[in-house]
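Data block for input.txt (compact mmCIF, N, CA and C atoms):
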# COMPACT_ATOMS: atom_id res chain seq x y z
N MET A 843 4.49 -48.11 44.53
CA MET A 843 3.19 -47.51 44.33
C MET A 843 3.16 -46.08 44.85
N LYS A 844 3.78 -45.84 46.02
CA LYS A 844 3.79 -44.51 46.61
C LYS A 844 4.52 -43.53 45.69
N ARG A 845 5.64 -43.99 45.07
CA ARG A 845 6.39 -43.13 44.16
C ARG A 845 5.53 -42.77 42.95
N PHE A 846 4.76 -43.72 42.41
CA PHE A 846 3.87 -43.47 41.27
C PHE A 846 2.84 -42.40 41.63
N ASN A 847 2.22 -42.48 42.79
CA ASN A 847 1.22 -41.50 43.23
C ASN A 847 1.83 -40.11 43.36
N THR A 848 3.05 -40.04 43.91
CA THR A 848 3.73 -38.75 44.06
C THR A 848 4.01 -38.15 42.69
N THR A 849 4.47 -38.98 41.76
CA THR A 849 4.76 -38.51 40.40
C THR A 849 3.48 -38.04 39.73
N LEU A 850 2.41 -38.79 39.85
CA LEU A 850 1.13 -38.43 39.26
C LEU A 850 0.62 -37.11 39.83
N ILE A 851 0.70 -36.94 41.13
CA ILE A 851 0.25 -35.70 41.77
C ILE A 851 1.10 -34.52 41.29
N SER A 852 2.40 -34.71 41.16
CA SER A 852 3.29 -33.65 40.68
C SER A 852 2.93 -33.25 39.25
N MET A 853 2.69 -34.25 38.40
CA MET A 853 2.33 -33.97 37.02
C MET A 853 1.01 -33.22 36.93
N LEU A 854 0.03 -33.63 37.71
CA LEU A 854 -1.26 -32.94 37.71
C LEU A 854 -1.13 -31.50 38.19
N ALA A 855 -0.29 -31.28 39.17
CA ALA A 855 -0.07 -29.92 39.68
C ALA A 855 0.53 -29.03 38.60
N ILE A 856 1.49 -29.59 37.85
CA ILE A 856 2.12 -28.81 36.77
C ILE A 856 1.10 -28.46 35.70
N TYR A 857 0.29 -29.43 35.27
CA TYR A 857 -0.69 -29.19 34.22
C TYR A 857 -1.87 -28.34 34.70
N ALA A 858 -2.18 -28.39 35.96
CA ALA A 858 -3.30 -27.62 36.49
C ALA A 858 -2.93 -26.18 36.73
N SER A 859 -1.65 -25.86 36.86
CA SER A 859 -1.21 -24.50 37.16
C SER A 859 -1.75 -23.46 36.17
N PRO A 860 -1.65 -23.69 34.84
CA PRO A 860 -2.19 -22.70 33.92
C PRO A 860 -3.68 -22.50 34.09
N ILE A 861 -4.42 -23.55 34.39
CA ILE A 861 -5.86 -23.42 34.58
C ILE A 861 -6.15 -22.55 35.80
N CYS A 862 -5.42 -22.78 36.88
CA CYS A 862 -5.61 -21.97 38.09
C CYS A 862 -5.25 -20.52 37.82
N ALA A 863 -4.18 -20.31 37.06
CA ALA A 863 -3.76 -18.93 36.75
C ALA A 863 -4.85 -18.23 35.95
N GLN A 864 -5.52 -18.95 35.04
CA GLN A 864 -6.58 -18.35 34.25
C GLN A 864 -7.77 -17.98 35.13
N ASP A 865 -8.02 -18.77 36.17
CA ASP A 865 -9.13 -18.46 37.07
C ASP A 865 -8.91 -17.14 37.80
N ASP A 866 -7.65 -16.73 37.95
CA ASP A 866 -7.35 -15.49 38.64
C ASP A 866 -7.36 -14.29 37.70
N TYR A 867 -7.57 -14.52 36.41
CA TYR A 867 -7.56 -13.43 35.43
C TYR A 867 -8.92 -12.76 35.40
N PRO A 868 -8.96 -11.43 35.28
CA PRO A 868 -10.26 -10.73 35.24
C PRO A 868 -11.11 -11.19 34.05
N ALA A 869 -12.41 -11.04 34.18
CA ALA A 869 -13.33 -11.40 33.10
C ALA A 869 -13.06 -10.52 31.88
N LEU A 870 -13.16 -11.10 30.70
CA LEU A 870 -12.94 -10.38 29.46
C LEU A 870 -14.26 -10.19 28.73
N ASP A 871 -14.46 -9.01 28.15
CA ASP A 871 -15.56 -8.77 27.23
C ASP A 871 -14.92 -8.69 25.86
N VAL A 872 -14.91 -9.79 25.13
CA VAL A 872 -14.28 -9.83 23.82
C VAL A 872 -15.07 -8.95 22.85
N LEU A 873 -14.40 -7.98 22.25
CA LEU A 873 -15.05 -7.09 21.30
C LEU A 873 -15.19 -7.74 19.94
N LEU A 874 -14.17 -8.50 19.55
CA LEU A 874 -14.19 -9.11 18.23
C LEU A 874 -13.08 -10.15 18.14
N SER A 875 -13.38 -11.25 17.51
CA SER A 875 -12.38 -12.26 17.19
C SER A 875 -12.69 -12.70 15.77
N SER A 876 -11.74 -12.53 14.85
CA SER A 876 -12.03 -12.78 13.45
C SER A 876 -10.80 -13.24 12.70
N THR A 877 -11.01 -13.97 11.64
CA THR A 877 -9.92 -14.37 10.75
C THR A 877 -10.03 -13.65 9.41
N THR A 878 -11.07 -12.80 9.28
CA THR A 878 -11.27 -12.07 8.04
C THR A 878 -11.61 -10.60 8.30
N SER A 879 -11.45 -9.78 7.26
CA SER A 879 -11.82 -8.36 7.34
C SER A 879 -13.33 -8.21 7.18
N ILE A 880 -13.81 -6.98 7.25
CA ILE A 880 -15.23 -6.68 7.09
C ILE A 880 -15.72 -7.09 5.70
N LEU A 881 -14.79 -7.17 4.73
CA LEU A 881 -15.14 -7.59 3.37
C LEU A 881 -14.88 -9.07 3.12
N GLY A 882 -14.55 -9.81 4.17
CA GLY A 882 -14.33 -11.24 4.04
C GLY A 882 -12.92 -11.62 3.58
N GLN A 883 -12.01 -10.66 3.60
CA GLN A 883 -10.62 -10.95 3.19
C GLN A 883 -9.92 -11.70 4.31
N ASN A 884 -9.17 -12.75 3.96
CA ASN A 884 -8.39 -13.48 4.96
C ASN A 884 -7.30 -12.58 5.50
N LEU A 885 -7.08 -12.62 6.82
CA LEU A 885 -6.05 -11.80 7.43
C LEU A 885 -4.67 -12.33 7.06
N VAL A 886 -3.78 -11.42 6.67
CA VAL A 886 -2.41 -11.76 6.31
C VAL A 886 -1.52 -10.71 6.95
N TYR A 887 -0.52 -11.16 7.71
CA TYR A 887 0.40 -10.24 8.35
C TYR A 887 1.62 -10.03 7.48
N PRO A 888 2.17 -8.81 7.47
CA PRO A 888 3.37 -8.56 6.68
C PRO A 888 4.58 -9.25 7.29
N ALA A 889 5.57 -9.53 6.44
CA ALA A 889 6.82 -10.13 6.93
C ALA A 889 7.66 -9.07 7.62
N GLY A 890 8.52 -9.49 8.52
CA GLY A 890 9.42 -8.56 9.20
C GLY A 890 9.14 -8.48 10.68
N GLN A 891 9.86 -7.56 11.34
CA GLN A 891 9.71 -7.33 12.77
C GLN A 891 8.31 -6.79 13.06
N ALA A 892 7.54 -7.50 13.85
CA ALA A 892 6.17 -7.09 14.17
C ALA A 892 6.17 -5.70 14.82
N GLU A 893 5.14 -4.92 14.50
CA GLU A 893 4.98 -3.59 15.09
C GLU A 893 3.48 -3.31 15.23
N ILE A 894 3.04 -3.06 16.44
CA ILE A 894 1.63 -2.72 16.71
C ILE A 894 1.54 -1.21 16.88
N THR A 895 0.60 -0.59 16.18
CA THR A 895 0.37 0.84 16.29
C THR A 895 -1.09 1.05 16.68
N SER A 896 -1.31 1.85 17.71
CA SER A 896 -2.65 2.15 18.17
C SER A 896 -2.86 3.66 18.11
N ALA A 897 -4.03 4.07 17.64
CA ALA A 897 -4.33 5.51 17.53
C ALA A 897 -5.83 5.72 17.62
N ILE A 898 -6.21 6.94 17.94
CA ILE A 898 -7.62 7.33 17.91
C ILE A 898 -7.81 8.30 16.76
N VAL A 899 -8.69 7.94 15.84
CA VAL A 899 -9.04 8.80 14.70
C VAL A 899 -10.22 9.66 15.15
N THR A 900 -10.09 10.97 14.97
CA THR A 900 -11.17 11.90 15.33
C THR A 900 -11.59 12.65 14.08
N MET A 901 -12.89 12.63 13.80
CA MET A 901 -13.43 13.31 12.61
C MET A 901 -14.62 14.17 12.99
N GLN A 902 -14.65 15.37 12.46
CA GLN A 902 -15.77 16.29 12.68
C GLN A 902 -16.94 15.90 11.78
N PRO A 903 -18.18 16.33 12.13
CA PRO A 903 -19.33 16.03 11.28
C PRO A 903 -19.07 16.46 9.83
N GLY A 904 -19.34 15.57 8.90
CA GLY A 904 -19.15 15.86 7.48
C GLY A 904 -17.72 15.64 6.98
N GLU A 905 -16.77 15.48 7.87
CA GLU A 905 -15.37 15.29 7.46
C GLU A 905 -15.19 13.93 6.80
N LYS A 906 -14.32 13.91 5.77
CA LYS A 906 -14.02 12.68 5.04
C LYS A 906 -12.53 12.40 5.08
N THR A 907 -12.19 11.14 5.04
CA THR A 907 -10.79 10.77 4.83
C THR A 907 -10.56 10.78 3.33
N GLY A 908 -9.34 10.82 2.90
CA GLY A 908 -9.06 10.61 1.49
C GLY A 908 -9.18 9.12 1.19
N TRP A 909 -9.21 8.77 -0.08
CA TRP A 909 -9.20 7.36 -0.46
C TRP A 909 -7.86 6.78 -0.05
N HIS A 910 -7.90 5.62 0.57
CA HIS A 910 -6.68 5.00 1.05
C HIS A 910 -6.87 3.49 1.18
N LYS A 911 -5.78 2.79 1.44
CA LYS A 911 -5.86 1.37 1.73
C LYS A 911 -4.88 1.05 2.85
N HIS A 912 -5.11 -0.05 3.51
CA HIS A 912 -4.22 -0.51 4.58
C HIS A 912 -3.48 -1.74 4.10
N ASN A 913 -2.18 -1.77 4.32
CA ASN A 913 -1.35 -2.90 3.93
C ASN A 913 -1.25 -3.95 5.04
N VAL A 914 -1.90 -3.68 6.16
CA VAL A 914 -1.82 -4.57 7.33
C VAL A 914 -3.21 -4.69 7.95
N PRO A 915 -3.46 -5.75 8.71
CA PRO A 915 -4.74 -5.85 9.41
C PRO A 915 -4.94 -4.69 10.39
N LEU A 916 -6.17 -4.18 10.43
CA LEU A 916 -6.50 -3.04 11.29
C LEU A 916 -7.80 -3.35 12.03
N PHE A 917 -7.74 -3.32 13.36
CA PHE A 917 -8.92 -3.46 14.20
C PHE A 917 -9.45 -2.06 14.49
N ALA A 918 -10.75 -1.86 14.39
CA ALA A 918 -11.36 -0.56 14.69
C ALA A 918 -12.52 -0.74 15.67
N TYR A 919 -12.62 0.22 16.61
CA TYR A 919 -13.71 0.23 17.58
C TYR A 919 -14.24 1.66 17.65
N VAL A 920 -15.51 1.85 17.33
CA VAL A 920 -16.10 3.18 17.33
C VAL A 920 -16.42 3.57 18.77
N LEU A 921 -15.67 4.53 19.28
CA LEU A 921 -15.86 5.01 20.65
C LEU A 921 -17.09 5.89 20.77
N GLU A 922 -17.30 6.73 19.75
CA GLU A 922 -18.48 7.60 19.74
C GLU A 922 -18.74 8.08 18.33
N GLY A 923 -20.00 8.41 18.05
CA GLY A 923 -20.37 8.95 16.76
C GLY A 923 -20.75 7.89 15.74
N GLN A 924 -20.74 8.32 14.48
CA GLN A 924 -21.14 7.45 13.36
C GLN A 924 -20.23 7.71 12.19
N VAL A 925 -19.74 6.65 11.57
CA VAL A 925 -18.89 6.79 10.39
C VAL A 925 -19.39 5.83 9.32
N SER A 926 -19.41 6.31 8.09
CA SER A 926 -19.77 5.46 6.96
C SER A 926 -18.52 5.29 6.11
N VAL A 927 -18.27 4.07 5.67
CA VAL A 927 -17.08 3.78 4.88
C VAL A 927 -17.52 3.29 3.51
N ASP A 928 -17.03 3.98 2.47
CA ASP A 928 -17.30 3.64 1.08
C ASP A 928 -16.21 2.70 0.61
N TYR A 929 -16.60 1.47 0.28
CA TYR A 929 -15.65 0.45 -0.20
C TYR A 929 -15.74 0.30 -1.71
N GLY A 930 -16.19 1.35 -2.40
CA GLY A 930 -16.29 1.30 -3.86
C GLY A 930 -17.26 0.23 -4.30
N PRO A 931 -16.81 -0.72 -5.13
CA PRO A 931 -17.72 -1.74 -5.65
C PRO A 931 -18.29 -2.67 -4.57
N ASP A 932 -17.69 -2.65 -3.37
CA ASP A 932 -18.19 -3.49 -2.27
C ASP A 932 -19.23 -2.77 -1.42
N GLY A 933 -19.63 -1.55 -1.83
CA GLY A 933 -20.70 -0.84 -1.14
C GLY A 933 -20.23 0.04 0.01
N VAL A 934 -21.21 0.58 0.73
CA VAL A 934 -20.98 1.47 1.87
C VAL A 934 -21.48 0.77 3.12
N LYS A 935 -20.69 0.83 4.18
CA LYS A 935 -21.10 0.27 5.47
C LYS A 935 -21.04 1.40 6.50
N THR A 936 -22.03 1.43 7.40
CA THR A 936 -22.09 2.45 8.43
C THR A 936 -21.87 1.79 9.79
N TYR A 937 -21.01 2.43 10.58
CA TYR A 937 -20.66 1.93 11.92
C TYR A 937 -21.03 2.99 12.94
N ILE A 938 -21.55 2.55 14.07
CA ILE A 938 -21.95 3.47 15.13
C ILE A 938 -21.21 3.12 16.42
N GLU A 939 -21.35 3.99 17.40
CA GLU A 939 -20.73 3.79 18.71
C GLU A 939 -20.93 2.36 19.20
N GLY A 940 -19.83 1.73 19.60
CA GLY A 940 -19.88 0.37 20.12
C GLY A 940 -19.59 -0.70 19.07
N ASP A 941 -19.59 -0.33 17.79
CA ASP A 941 -19.27 -1.30 16.74
C ASP A 941 -17.77 -1.55 16.69
N SER A 942 -17.38 -2.78 16.41
CA SER A 942 -15.98 -3.12 16.19
C SER A 942 -15.89 -3.94 14.92
N PHE A 943 -14.78 -3.79 14.19
CA PHE A 943 -14.62 -4.50 12.94
C PHE A 943 -13.15 -4.55 12.55
N ILE A 944 -12.82 -5.51 11.69
CA ILE A 944 -11.50 -5.58 11.08
C ILE A 944 -11.64 -4.89 9.73
N GLU A 945 -10.97 -3.75 9.58
CA GLU A 945 -11.10 -2.94 8.38
C GLU A 945 -10.57 -3.67 7.15
N ALA A 946 -11.11 -3.32 6.00
CA ALA A 946 -10.63 -3.87 4.73
C ALA A 946 -9.16 -3.48 4.56
N PHE A 947 -8.40 -4.36 3.92
CA PHE A 947 -7.03 -4.01 3.61
C PHE A 947 -6.72 -4.41 2.18
N LEU A 948 -5.72 -3.74 1.63
CA LEU A 948 -5.38 -3.90 0.22
C LEU A 948 -6.59 -3.58 -0.66
N THR A 949 -7.51 -2.78 -0.13
CA THR A 949 -8.72 -2.35 -0.84
C THR A 949 -8.92 -0.86 -0.58
N ASP A 950 -9.05 -0.08 -1.66
CA ASP A 950 -9.27 1.35 -1.49
C ASP A 950 -10.63 1.60 -0.86
N HIS A 951 -10.66 2.54 0.09
CA HIS A 951 -11.91 2.91 0.75
C HIS A 951 -11.77 4.33 1.31
N ARG A 952 -12.91 4.92 1.66
CA ARG A 952 -12.93 6.27 2.21
C ARG A 952 -14.01 6.37 3.28
N GLY A 953 -13.63 6.94 4.43
CA GLY A 953 -14.58 7.12 5.52
C GLY A 953 -15.15 8.52 5.55
N GLU A 954 -16.36 8.63 6.10
CA GLU A 954 -17.01 9.93 6.26
C GLU A 954 -17.82 9.93 7.55
N ASN A 955 -17.66 11.00 8.33
CA ASN A 955 -18.49 11.18 9.52
C ASN A 955 -19.87 11.60 9.03
N THR A 956 -20.81 10.67 9.02
CA THR A 956 -22.16 10.95 8.54
C THR A 956 -23.12 11.24 9.68
N GLY A 957 -22.58 11.40 10.89
CA GLY A 957 -23.41 11.73 12.04
C GLY A 957 -23.43 13.23 12.30
N SER A 958 -24.07 13.61 13.39
CA SER A 958 -24.20 15.03 13.73
C SER A 958 -23.21 15.45 14.82
N LYS A 959 -22.39 14.51 15.29
CA LYS A 959 -21.39 14.86 16.31
C LYS A 959 -20.04 14.26 15.93
N VAL A 960 -19.04 14.61 16.69
CA VAL A 960 -17.69 14.10 16.45
C VAL A 960 -17.68 12.58 16.51
N VAL A 961 -16.90 11.96 15.62
CA VAL A 961 -16.71 10.52 15.69
C VAL A 961 -15.28 10.26 16.15
N ARG A 962 -15.14 9.31 17.06
CA ARG A 962 -13.81 8.90 17.55
C ARG A 962 -13.72 7.39 17.39
N ILE A 963 -12.64 6.95 16.74
CA ILE A 963 -12.46 5.53 16.46
C ILE A 963 -11.10 5.09 16.98
N LEU A 964 -11.09 4.10 17.85
CA LEU A 964 -9.85 3.49 18.31
C LEU A 964 -9.40 2.52 17.23
N THR A 965 -8.16 2.68 16.75
CA THR A 965 -7.63 1.77 15.74
C THR A 965 -6.37 1.09 16.27
N VAL A 966 -6.20 -0.17 15.90
CA VAL A 966 -4.99 -0.92 16.24
C VAL A 966 -4.54 -1.62 14.97
N LEU A 967 -3.34 -1.24 14.50
CA LEU A 967 -2.78 -1.82 13.29
C LEU A 967 -1.73 -2.85 13.66
N ALA A 968 -1.84 -4.04 13.05
CA ALA A 968 -0.88 -5.12 13.28
C ALA A 968 0.05 -5.18 12.08
N GLY A 969 1.13 -4.40 12.13
CA GLY A 969 2.02 -4.28 10.99
C GLY A 969 3.41 -4.80 11.24
N ALA A 970 4.35 -4.26 10.48
CA ALA A 970 5.76 -4.62 10.60
C ALA A 970 6.60 -3.38 10.36
N GLN A 971 7.72 -3.29 11.03
CA GLN A 971 8.62 -2.15 10.83
C GLN A 971 9.00 -2.08 9.36
N GLY A 972 8.98 -0.87 8.82
CA GLY A 972 9.35 -0.67 7.43
C GLY A 972 8.23 -0.89 6.43
N THR A 973 7.06 -1.31 6.90
CA THR A 973 5.90 -1.50 6.03
C THR A 973 4.91 -0.38 6.30
N ALA A 974 4.57 0.39 5.28
CA ALA A 974 3.57 1.46 5.44
C ALA A 974 2.22 0.82 5.75
N SER A 975 1.62 1.18 6.86
CA SER A 975 0.35 0.57 7.24
C SER A 975 -0.82 1.17 6.46
N THR A 976 -0.72 2.45 6.11
CA THR A 976 -1.78 3.13 5.36
C THR A 976 -1.17 3.85 4.18
N VAL A 977 -1.77 3.69 3.02
CA VAL A 977 -1.27 4.34 1.81
C VAL A 977 -2.42 5.14 1.21
N MET A 978 -2.20 6.45 1.01
CA MET A 978 -3.22 7.31 0.42
C MET A 978 -3.26 7.09 -1.08
N ARG A 979 -4.48 7.17 -1.65
CA ARG A 979 -4.68 6.99 -3.08
C ARG A 979 -5.38 8.20 -3.66
N LYS A 980 -5.16 8.45 -4.94
CA LYS A 980 -5.88 9.52 -5.62
C LYS A 980 -6.89 8.86 -6.55
N ILE A 981 -8.11 8.73 -6.04
CA ILE A 981 -9.19 8.11 -6.80
C ILE A 981 -10.38 9.04 -6.73
N GLY A 982 -10.83 9.52 -7.82
CA GLY A 982 -12.02 10.39 -7.82
C GLY A 982 -11.84 11.57 -6.89
N ASN A 983 -12.88 11.86 -6.11
CA ASN A 983 -12.85 13.01 -5.18
C ASN A 983 -12.26 12.61 -3.88
Serialized structure, structure tokens:
Amino acid sequence: MKRFNTTLISMLAIYASPICAQDDYPALDVLLSSTTSILGQNLVYPAGQAEITSAIVTMQPGEKTGWHKHNVPLFAYVLEGQVSVDYGPDGVKTYIEGDSFIEAFLTDHRGENTGSKVVRILTVLAGAQGTASTVMRKIGN
């Protein structure tokens, strides 16, 4: 009986360790957790060696991106300012400071700083080596 109790206590200690470790982790403010893009597209990762790219996009008032699409999932968080994104037949969506979203992919779109001050957007692309994460398109203006 004593051996059984020792074994049980050892097993509980092993299984409880991850829980205790989580208790020591700082509190998280989750910005976004999603399985789809802003347009409802299911997230699909490219094949190959995973590669994460993070960048801050800075746009002046009135500045526009060219028409483009992303071949990989892209998380965006508006650090400051206001940006409107034209998704063509899917309409225009406007994002302001503090908004986070999974950008459309495999869909042409164009962003514009529609605010009166600089817009800064933190982007994180979940791609793969050898896969172009952003492809520029020539559509209209």
Enumerate the residues of stretch 845-982 of chain A with a DSSP assignment of strand (DSSP E), computed from the backbone, and present them as number ranges by chain. A: 892-901, 910-912, 916-922, 924-928, 934-938, 942-944, 952-955, 961-970, 976-978
Quick one: everything within 7 Å of stretch 915-930 of chain A, counting all atoms listed in the file, minus sequence neighbours fewer than 2 positions away in the same chain. Send it as a PyMOL selection string. chain A and resi 885-888+912-913+932-947+949-969
Would you output that residue set with N, CA and C atoms, as a CSV table (one decimal), in the coordinates of the input?
chain,number,residue,atom,x,y,z
A,885,LEU,N,-7.1,-12.6,6.8
A,885,LEU,CA,-6.0,-11.8,7.4
A,885,LEU,C,-4.7,-12.3,7.1
A,886,VAL,N,-3.8,-11.4,6.7
A,886,VAL,CA,-2.4,-11.8,6.3
A,886,VAL,C,-1.5,-10.7,7.0
A,887,TYR,N,-0.5,-11.2,7.7
A,887,TYR,CA,0.4,-10.2,8.4
A,887,TYR,C,1.6,-10.0,7.5
A,888,PRO,N,2.2,-8.8,7.5
A,888,PRO,CA,3.4,-8.6,6.7
A,888,PRO,C,4.6,-9.2,7.3
A,912,HIS,N,-5.1,0.0,3.5
A,912,HIS,CA,-4.2,-0.5,4.6
A,912,HIS,C,-3.5,-1.7,4.1
A,913,ASN,N,-2.2,-1.8,4.3
A,913,ASN,CA,-1.4,-2.9,3.9
A,913,ASN,C,-1.2,-4.0,5.0
A,932,ASP,N,-17.7,-2.6,-3.4
A,932,ASP,CA,-18.2,-3.5,-2.3
A,932,ASP,C,-19.2,-2.8,-1.4
A,933,GLY,N,-19.6,-1.6,-1.8
A,933,GLY,CA,-20.7,-0.8,-1.1
A,933,GLY,C,-20.2,0.0,0.0
A,934,VAL,N,-21.2,0.6,0.7
A,934,VAL,CA,-21.0,1.5,1.9
A,934,VAL,C,-21.5,0.8,3.1
A,935,LYS,N,-20.7,0.8,4.2
A,935,LYS,CA,-21.1,0.3,5.5
A,935,LYS,C,-21.0,1.4,6.5
A,936,THR,N,-22.0,1.4,7.4
A,936,THR,CA,-22.1,2.4,8.4
A,936,THR,C,-21.9,1.8,9.8
A,937,TYR,N,-21.0,2.4,10.6
A,937,TYR,CA,-20.7,1.9,11.9
A,937,TYR,C,-21.0,3.0,12.9
A,938,ILE,N,-21.6,2.6,14.1
A,938,ILE,CA,-22.0,3.5,15.1
A,938,ILE,C,-21.2,3.1,16.4
A,939,GLU,N,-21.4,4.0,17.4
A,939,GLU,CA,-20.7,3.8,18.7
A,939,GLU,C,-20.9,2.4,19.2
A,940,GLY,N,-19.8,1.7,19.6
A,940,GLY,CA,-19.9,0.4,20.1
A,940,GLY,C,-19.6,-0.7,19.1
A,941,ASP,N,-19.6,-0.3,17.8
A,941,ASP,CA,-19.3,-1.3,16.7
A,941,ASP,C,-17.8,-1.6,16.7
A,942,SER,N,-17.4,-2.8,16.4
A,942,SER,CA,-16.0,-3.1,16.2
A,942,SER,C,-15.9,-3.9,14.9
A,943,PHE,N,-14.8,-3.8,14.2
A,943,PHE,CA,-14.6,-4.5,12.9
A,943,PHE,C,-13.2,-4.6,12.6
A,944,ILE,N,-12.8,-5.5,11.7
A,944,ILE,CA,-11.5,-5.6,11.1
A,944,ILE,C,-11.6,-4.9,9.7
A,945,GLU,N,-11.0,-3.8,9.6
A,945,GLU,CA,-11.1,-2.9,8.4
A,945,GLU,C,-10.6,-3.7,7.2
A,946,ALA,N,-11.1,-3.3,6.0
A,946,ALA,CA,-10.6,-3.9,4.7
A,946,ALA,C,-9.2,-3.5,4.6
A,947,PHE,N,-8.4,-4.4,3.9
A,947,PHE,CA,-7.0,-4.0,3.6
A,947,PHE,C,-6.7,-4.4,2.2
A,949,THR,N,-7.5,-2.8,-0.1
A,949,THR,CA,-8.7,-2.4,-0.8
A,949,THR,C,-8.9,-0.9,-0.6
A,950,ASP,N,-9.0,-0.1,-1.7
A,950,ASP,CA,-9.3,1.4,-1.5
A,950,ASP,C,-10.6,1.6,-0.9
A,951,HIS,N,-10.7,2.5,0.1
A,951,HIS,CA,-11.9,2.9,0.8
A,951,HIS,C,-11.8,4.3,1.3
A,952,ARG,N,-12.9,4.9,1.7
A,952,ARG,CA,-12.9,6.3,2.2
A,952,ARG,C,-14.0,6.4,3.3
A,953,GLY,N,-13.6,6.9,4.4
A,953,GLY,CA,-14.6,7.1,5.5
A,953,GLY,C,-15.2,8.5,5.6
A,954,GLU,N,-16.4,8.6,6.1
A,954,GLU,CA,-17.0,9.9,6.3
A,954,GLU,C,-17.8,9.9,7.6
A,955,ASN,N,-17.7,11.0,8.3
A,955,ASN,CA,-18.5,11.2,9.5
A,955,ASN,C,-19.9,11.6,9.0
A,956,THR,N,-20.8,10.7,9.0
A,956,THR,CA,-22.2,11.0,8.5
A,956,THR,C,-23.1,11.2,9.7
A,957,GLY,N,-22.6,11.4,10.9
A,957,GLY,CA,-23.4,11.7,12.0
A,957,GLY,C,-23.4,13.2,12.3
A,958,SER,N,-24.1,13.6,13.4
A,958,SER,CA,-24.2,15.0,13.7
A,958,SER,C,-23.2,15.4,14.8
A,959,LYS,N,-22.4,14.5,15.3
A,959,LYS,CA,-21.4,14.9,16.3
A,959,LYS,C,-20.0,14.3,15.9
A,960,VAL,N,-19.0,14.6,16.7
A,960,VAL,CA,-17.7,14.1,16.4
A,960,VAL,C,-17.7,12.6,16.5
A,961,VAL,N,-16.9,12.0,15.6
A,961,VAL,CA,-16.7,10.5,15.7
A,961,VAL,C,-15.3,10.3,16.2
A,962,ARG,N,-15.1,9.3,17.1
A,962,ARG,CA,-13.8,8.9,17.6
A,962,ARG,C,-13.7,7.4,17.4
A,963,ILE,N,-12.6,7.0,16.7
A,963,ILE,CA,-12.5,5.5,16.5
A,963,ILE,C,-11.1,5.1,17.0
A,964,LEU,N,-11.1,4.1,17.8
A,964,LEU,CA,-9.8,3.5,18.3
A,964,LEU,C,-9.4,2.5,17.2
A,965,THR,N,-8.2,2.7,16.8
A,965,THR,CA,-7.6,1.8,15.7
A,965,THR,C,-6.4,1.1,16.3
A,966,VAL,N,-6.2,-0.2,15.9
A,966,VAL,CA,-5.0,-0.9,16.2
A,966,VAL,C,-4.5,-1.6,15.0
A,967,LEU,N,-3.3,-1.2,14.5
A,967,LEU,CA,-2.8,-1.8,13.3
A,967,LEU,C,-1.7,-2.8,13.7
A,968,ALA,N,-1.8,-4.0,13.0
A,968,ALA,CA,-0.9,-5.1,13.3
A,968,ALA,C,0.0,-5.2,12.1
A,969,GLY,N,1.1,-4.4,12.1
A,969,GLY,CA,2.0,-4.3,11.0
A,969,GLY,C,3.4,-4.8,11.2
Using all atoms listed in the file, which residues sit within 8 Å of A:Ala970 once same-chain residues fewer than 5 positions away are excluded, as a list in words?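 Once the nearby chain positions are removed, what remains is Tyr887, Pro888, Ala889, Gly890, Gln891, Ala892, Glu893, Ile894, Thr895, Asn913, Val914 and Ser975 of chain A.
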Based on DSSP run over this structure's backbone, return all residues of stretch 850-977 of chain A in helix (DSSP H, G or I), as a ChimeraX atom specification. /A:850-865,930-932
Mind pulling up the distance from atom C of A:Thr973 to atom N of A:Ser879?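 Separation between atom N of A:Ser879 and atom C of A:Thr973: 18.9 Å.
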